[in-house]
Amino acid sequence: MPRLTIAIDGPAGSGKSSVARRVAAMLGYLYLDSGAMYRALALKALRHQVALENESRLEALAKETHIELKPPTPEQEAAGAKNCVLLDGRDRTQEIRTPEVAQAASRLATIAGVRRVLVAEQQRAGAGGGVVMEGRDIGTVVFPNAELKIFLDASPEERAERRWREHQENGEKMTLAEVFDEVIERDRRDRERKVSPLIRAADAVLVDNTAMGIEETARLIVMLARDREKELAAAMGEG
């Protein structure tokens, strides 16, 4: 069977990350954590003391940086890592997980020149198929020719509740109303940003998982992937 490139996009709280990892595991594909690439570059920028306002220097830094994503070791996975992250050949999986790096990464993600470089890296990483990647512009910008595109969504109320439960588990005291406002504001920012806004690709399958858990959502996407594999295999046979 042909190995697909699967792009999963959607707003905050739709469960993209958990679902994508489960889909990859069920299909025996590699899950690519696009956010880890921005974190790795952010770590390098902080270590080299490159100002986060210096966009041209950050773009140049991105061009001279090699980031590779591999399946995590069992120890890394147990610690919450989605990929083993190699930065210029060295394992930096744990070091990219600090709040300082996360903040810097979100700043880097708004710089058009940096995004261009890292999108090209993501495309290279997924070129052979057999990968699942999630984000906000995967089906529209990173993999516009992906064989299967999913737009994962849920009601704002449900997404806020999921986020609120995450905050509770992490010991962060926020009210559900506060988290709801945060989700609505994040949606607005994601949809209105100038660089790669969140939009559903014209050929993406809309999956509303308001009333579905991670496992059920993943099984549905795997079923769609198996159907797509069969279609492609039949088309190749006819060719």
# chains A, B, ... in the order shown; residues from 1 in each chain; ligands from 1

$ closest_atom_pairs --of "stretch 68-126 of chain A" --to "stretch 58-63 of chain A" --cutoff "10 Å" --atoms "only C-alpha atoms" --output "CSV"
residue,atom,partner,partner_atom,distance
A:Leu108,CA,A:Leu58,CA,8.0
A:Ile111,CA,A:Glu59,CA,8.2
A:Ala112,CA,A:Glu59,CA,8.7
A:Gly113,CA,A:Glu59,CA,5.5
A:Val114,CA,A:Glu59,CA,4.8
A:Arg115,CA,A:Glu59,CA,8.5
A:Arg116,CA,A:Glu59,CA,8.8
A:Val117,CA,A:Lys63,CA,6.4
A:Leu118,CA,A:Ala62,CA,7.3
A:Glu121,CA,A:Lys63,CA,9.7

$ residues_around --residues "A:Pro197" --least-positions-apart "6" --cutoff "8 Å" --atoms "only C-alpha atoms" --output "ChimeraX atom specification"
/A:136-137,190-191

$ write_last_selection --atoms "C-alpha atoms" --output "PDB file, in the first residue's frame"
ATOM      1  CA  ARG A 136      -2.776  25.312  11.677  1.00  0.00           C
ATOM      2  CA  ASP A 137      -1.424  25.523   8.128  1.00  0.00           C
ATOM      3  CA  ASP A 190      -5.042  32.256  14.568  1.00  0.00           C
ATOM      4  CA  ARG A 191      -7.646  33.120  11.930  1.00  0.00           C
TER       5      ARG A 191
END

$ closest_residue --among "A:Gln49, A:Lys149, A:Gly213, A:Glu55" --to "A:Gly135" --atoms "only C-alpha atoms"
A:Lys149

$ residues_around --residues "A:Leu52" --least-positions-apart "4" --cutoff "12 Å" --atoms "only C-alpha atoms" --output "count of residues only"
24

$ select_by_dssp --residues "stretch 56-186 of chain A" --states "strand (DSSP E or B)" --output "ChimeraX atom specification"
/A:67-70,84-87,90-91,131-135,148-153

$ atom_distance --atom1 "atom CA of A:Leu87" --atom2 "atom CA of A:Val132"
20.8 Å

$ residues_around --residues "A:Leu152" --least-positions-apart "5" --cutoff "10 Å" --atoms "only C-alpha atoms" --output "CSV table (one decimal) with N, CA, C and O atoms, in the first residue's frame"
chain,number,residue,atom,x,y,z
A,8,ILE,N,-3.2,17.3,9.5
A,8,ILE,CA,-4.4,17.5,10.4
A,8,ILE,C,-4.3,19.0,10.9
A,8,ILE,O,-3.3,19.3,11.6
A,9,ASP,N,-5.2,19.8,10.6
A,9,ASP,CA,-5.3,21.2,11.0
A,9,ASP,C,-6.5,21.4,11.9
A,9,ASP,O,-7.5,20.6,11.9
A,10,GLY,N,-6.5,22.5,12.7
A,10,GLY,CA,-7.7,22.8,13.5
A,10,GLY,C,-7.3,23.8,14.6
A,10,GLY,O,-6.1,24.1,14.8
A,11,PRO,N,-8.3,24.3,15.2
A,11,PRO,CA,-8.1,25.3,16.3
A,11,PRO,C,-7.6,24.7,17.6
A,11,PRO,O,-7.5,23.5,17.8
A,12,ALA,N,-7.2,25.6,18.5
A,12,ALA,CA,-6.7,25.2,19.8
A,12,ALA,C,-7.8,24.4,20.6
A,12,ALA,O,-9.0,24.7,20.5
A,13,GLY,N,-7.4,23.3,21.2
A,13,GLY,CA,-8.3,22.5,22.0
A,13,GLY,C,-9.1,21.5,21.2
A,13,GLY,O,-10.0,20.8,21.7
A,14,SER,N,-8.8,21.3,19.9
A,14,SER,CA,-9.5,20.3,19.1
A,14,SER,C,-8.9,18.9,19.2
A,14,SER,O,-9.5,18.0,18.7
A,15,GLY,N,-7.8,18.8,19.9
A,15,GLY,CA,-7.2,17.5,20.2
A,15,GLY,C,-6.3,17.1,19.1
A,15,GLY,O,-5.9,15.9,19.0
A,16,LYS,N,-5.8,18.0,18.3
A,16,LYS,CA,-5.0,17.7,17.1
A,16,LYS,C,-3.7,16.8,17.5
A,16,LYS,O,-3.4,15.8,16.8
A,19,VAL,N,-4.6,13.3,18.9
A,19,VAL,CA,-5.2,12.5,17.8
A,19,VAL,C,-4.1,12.1,16.7
A,19,VAL,O,-4.0,11.0,16.3
A,134,GLU,N,0.5,17.8,12.4
A,134,GLU,CA,-0.7,18.6,12.7
A,134,GLU,C,-0.2,20.0,13.0
A,134,GLU,O,0.9,20.3,13.3
A,200,ARG,N,-9.6,26.2,6.7
A,200,ARG,CA,-9.8,24.8,6.2
A,200,ARG,C,-9.4,24.7,4.7
A,200,ARG,O,-10.0,25.5,3.9
A,204,ALA,N,-10.1,19.4,2.5
A,204,ALA,CA,-9.9,18.8,3.8
A,204,ALA,C,-11.3,18.2,4.2
A,204,ALA,O,-12.3,18.8,4.0
A,205,VAL,N,-11.2,17.0,4.9
A,205,VAL,CA,-12.4,16.4,5.4
A,205,VAL,C,-12.6,17.0,6.8
A,205,VAL,O,-11.7,17.1,7.7
A,206,LEU,N,-13.8,17.6,7.0
A,206,LEU,CA,-14.1,18.2,8.3
A,206,LEU,C,-14.5,17.1,9.3
A,206,LEU,O,-15.5,16.3,9.0
A,207,VAL,N,-13.8,17.0,10.4
A,207,VAL,CA,-14.1,16.0,11.5
A,207,VAL,C,-14.5,16.8,12.7
A,207,VAL,O,-13.6,17.5,13.3
A,208,ASP,N,-15.7,16.8,13.1
A,208,ASP,CA,-16.2,17.5,14.4
A,208,ASP,C,-16.2,16.4,15.5
A,208,ASP,O,-16.9,15.5,15.5
A,209,ASN,N,-15.2,16.6,16.4
A,209,ASN,CA,-15.1,15.6,17.5
A,209,ASN,C,-15.6,16.2,18.9
A,209,ASN,O,-15.1,15.8,19.9
A,210,THR,N,-16.6,17.1,18.8
A,210,THR,CA,-17.2,17.6,20.0
A,210,THR,C,-17.7,16.5,20.9
A,210,THR,O,-17.5,16.5,22.2
A,217,THR,N,-11.9,9.4,17.5
A,217,THR,CA,-11.5,10.3,16.5
A,217,THR,C,-10.4,9.7,15.6
A,217,THR,O,-10.4,9.8,14.4

$ closest_residue --among "A:Ile138, A:Lys82, A:Asp91, A:Ser196" --to "A:Arg22" --atoms "only C-alpha atoms"
A:Lys82

$ residues_around --residues "A:Trp164" --least-positions-apart "5" --cutoff "8 Å" --atoms "only C-alpha atoms" --output "mmCIF file with all heavy atoms, in the first residue's frame"
data_model
loop_
_atom_site.group_PDB
_atom_site.id
_atom_site.type_symbol
_atom_site.label_atom_id
_atom_site.label_comp_id
_atom_site.auth_asym_id
_atom_site.auth_seq_id
_atom_site.Cartn_x
_atom_site.Cartn_y
_atom_site.Cartn_z
ATOM 1 N N MET A 174 -7.350 28.218 36.927
ATOM 2 C CA MET A 174 -8.072 29.135 36.046
ATOM 3 C C MET A 174 -9.532 28.714 36.047
ATOM 4 O O MET A 174 -9.842 27.522 36.157
ATOM 5 C CB MET A 174 -7.525 29.062 34.615
ATOM 6 C CG MET A 174 -6.164 29.692 34.420
ATOM 7 S SD MET A 174 -5.625 29.596 32.689
ATOM 8 C CE MET A 174 -6.589 30.923 31.941
ATOM 9 N N THR A 175 -10.420 29.678 35.923
ATOM 10 C CA THR A 175 -11.844 29.318 35.849
ATOM 11 C C THR A 175 -12.171 28.901 34.420
ATOM 12 O O THR A 175 -11.465 29.268 33.471
ATOM 13 C CB THR A 175 -12.746 30.513 36.233
ATOM 14 O OG1 THR A 175 -12.602 31.529 35.234
ATOM 15 C CG2 THR A 175 -12.378 31.073 37.599
ATOM 16 N N LEU A 176 -13.252 28.155 34.269
ATOM 17 C CA LEU A 176 -13.688 27.724 32.939
ATOM 18 C C LEU A 176 -14.005 28.942 32.068
ATOM 19 O O LEU A 176 -13.694 28.961 30.872
ATOM 20 C CB LEU A 176 -14.916 26.807 33.062
ATOM 21 C CG LEU A 176 -15.450 26.182 31.778
ATOM 22 C CD1 LEU A 176 -14.360 25.439 31.013
ATOM 23 C CD2 LEU A 176 -16.608 25.226 32.087
ATOM 24 N N VAL A 179 -10.803 30.381 30.685
ATOM 25 C CA VAL A 179 -10.245 29.539 29.619
ATOM 26 C C VAL A 179 -11.074 29.691 28.344
ATOM 27 O O VAL A 179 -10.524 29.733 27.241
ATOM 28 C CB VAL A 179 -10.167 28.057 30.056
ATOM 29 C CG1 VAL A 179 -9.595 27.199 28.933
ATOM 30 C CG2 VAL A 179 -9.309 27.913 31.303
#

$ select_by_dssp --residues "stretch 13-227 of chain A" --states "alpha helix (DSSP H)" --output "PyMOL selection string"
chain A and resi 16-27+34-47+55-63+74-78+99-108+112-125+156-169+176-192+214-227

$ residues_around --residues "stretch 67-77 of chain A" --least-positions-apart "2" --cutoff "7 Å" --atoms "only C-alpha atoms" --output "PDB file with N, CA, C and O atoms, in the first residue's frame"
ATOM      1  N   LEU A  30       5.345   8.015  11.034  1.00  0.00           N
ATOM      2  CA  LEU A  30       6.095   8.922  11.897  1.00  0.00           C
ATOM      3  C   LEU A  30       5.245  10.161  12.180  1.00  0.00           C
ATOM      4  O   LEU A  30       4.708  10.771  11.257  1.00  0.00           O
ATOM      5  N   LEU A  32       5.185  13.946  13.147  1.00  0.00           N
ATOM      6  CA  LEU A  32       6.091  15.094  13.094  1.00  0.00           C
ATOM      7  C   LEU A  32       5.510  16.247  13.909  1.00  0.00           C
ATOM      8  O   LEU A  32       4.443  16.767  13.581  1.00  0.00           O
ATOM      9  N   MET A  37      10.134  22.060  16.020  1.00  0.00           N
ATOM     10  CA  MET A  37      11.127  22.710  15.162  1.00  0.00           C
ATOM     11  C   MET A  37      11.311  24.179  15.573  1.00  0.00           C
ATOM     12  O   MET A  37      12.435  24.680  15.632  1.00  0.00           O
ATOM     13  N   THR A  65      20.735  26.223  10.305  1.00  0.00           N
ATOM     14  CA  THR A  65      20.412  25.268  11.369  1.00  0.00           C
ATOM     15  C   THR A  65      19.847  23.987  10.777  1.00  0.00           C
ATOM     16  O   THR A  65      19.028  24.036   9.855  1.00  0.00           O
ATOM     17  N   ALA A  79       8.345  11.127  29.354  1.00  0.00           N
ATOM     18  CA  ALA A  79       8.540  12.492  29.863  1.00  0.00           C
ATOM     19  C   ALA A  79       7.699  13.513  29.115  1.00  0.00           C
ATOM     20  O   ALA A  79       7.784  14.718  29.377  1.00  0.00           O
ATOM     21  N   GLY A  80       6.889  13.043  28.141  1.00  0.00           N
ATOM     22  CA  GLY A  80       5.981  13.943  27.429  1.00  0.00           C
ATOM     23  C   GLY A  80       6.460  14.412  26.067  1.00  0.00           C
ATOM     24  O   GLY A  80       5.785  15.200  25.412  1.00  0.00           O
ATOM     25  N   ALA A  81       7.635  13.933  25.620  1.00  0.00           N
ATOM     26  CA  ALA A  81       8.148  14.354  24.307  1.00  0.00           C
ATOM     27  C   ALA A  81       7.418  13.613  23.188  1.00  0.00           C
ATOM     28  O   ALA A  81       7.152  12.420  23.299  1.00  0.00           O
ATOM     29  N   LYS A  82       7.121  14.339  22.109  1.00  0.00           N
ATOM     30  CA  LYS A  82       6.405  13.740  20.979  1.00  0.00           C
ATOM     31  C   LYS A  82       7.382  13.225  19.922  1.00  0.00           C
ATOM     32  O   LYS A  82       7.066  12.341  19.149  1.00  0.00           O
ATOM     33  N   ASN A  83       8.557  13.843  19.876  1.00  0.00           N
ATOM     34  CA  ASN A  83       9.621  13.410  18.974  1.00  0.00           C
ATOM     35  C   ASN A  83      10.950  13.523  19.707  1.00  0.00           C
ATOM     36  O   ASN A  83      11.085  14.291  20.658  1.00  0.00           O
ATOM     37  N   CYS A  84      11.935  12.769  19.227  1.00  0.00           N
ATOM     38  CA  CYS A  84      13.324  13.017  19.600  1.00  0.00           C
ATOM     39  C   CYS A  84      13.781  14.151  18.683  1.00  0.00           C
ATOM     40  O   CYS A  84      13.636  14.046  17.455  1.00  0.00           O
ATOM     41  N   VAL A  85      14.270  15.248  19.253  1.00  0.00           N
ATOM     42  CA  VAL A  85      14.622  16.435  18.470  1.00  0.00           C
ATOM     43  C   VAL A  85      16.135  16.604  18.431  1.00  0.00           C
ATOM     44  O   VAL A  85      16.779  16.801  19.470  1.00  0.00           O
ATOM     45  N   LEU A  86      16.698  16.503  17.220  1.00  0.00           N
ATOM     46  CA  LEU A  86      18.134  16.697  17.035  1.00  0.00           C
ATOM     47  C   LEU A  86      18.373  18.092  16.462  1.00  0.00           C
ATOM     48  O   LEU A  86      17.840  18.428  15.400  1.00  0.00           O
ATOM     49  N   LEU A  87      19.125  18.895  17.189  1.00  0.00           N
ATOM     50  CA  LEU A  87      19.456  20.257  16.762  1.00  0.00           C
ATOM     51  C   LEU A  87      20.931  20.269  16.381  1.00  0.00           C
ATOM     52  O   LEU A  87      21.795  20.050  17.241  1.00  0.00           O
ATOM     53  N   ASP A  88      21.195  20.467  15.092  1.00  0.00           N
ATOM     54  CA  ASP A  88      22.571  20.413  14.579  1.00  0.00           C
ATOM     55  C   ASP A  88      23.271  19.130  15.036  1.00  0.00           C
ATOM     56  O   ASP A  88      24.435  19.139  15.462  1.00  0.00           O
TER      57      ASP A  88
END

$ atom_distance --atom1 "atom CA of A:Asn170" --atom2 "atom CA of A:Arg219"
27.8 Å

$ closest_residue --among "A:Ala154, A:Leu148, A:Val119, A:Ile184" --to "A:Met223" --atoms "only C-alpha atoms"
A:Leu148

$ closest_residue --among "A:Pro2, A:Gly89, A:Gly126, A:Gly237" --to "A:Ser34" --atoms "only C-alpha atoms"
A:Gly126
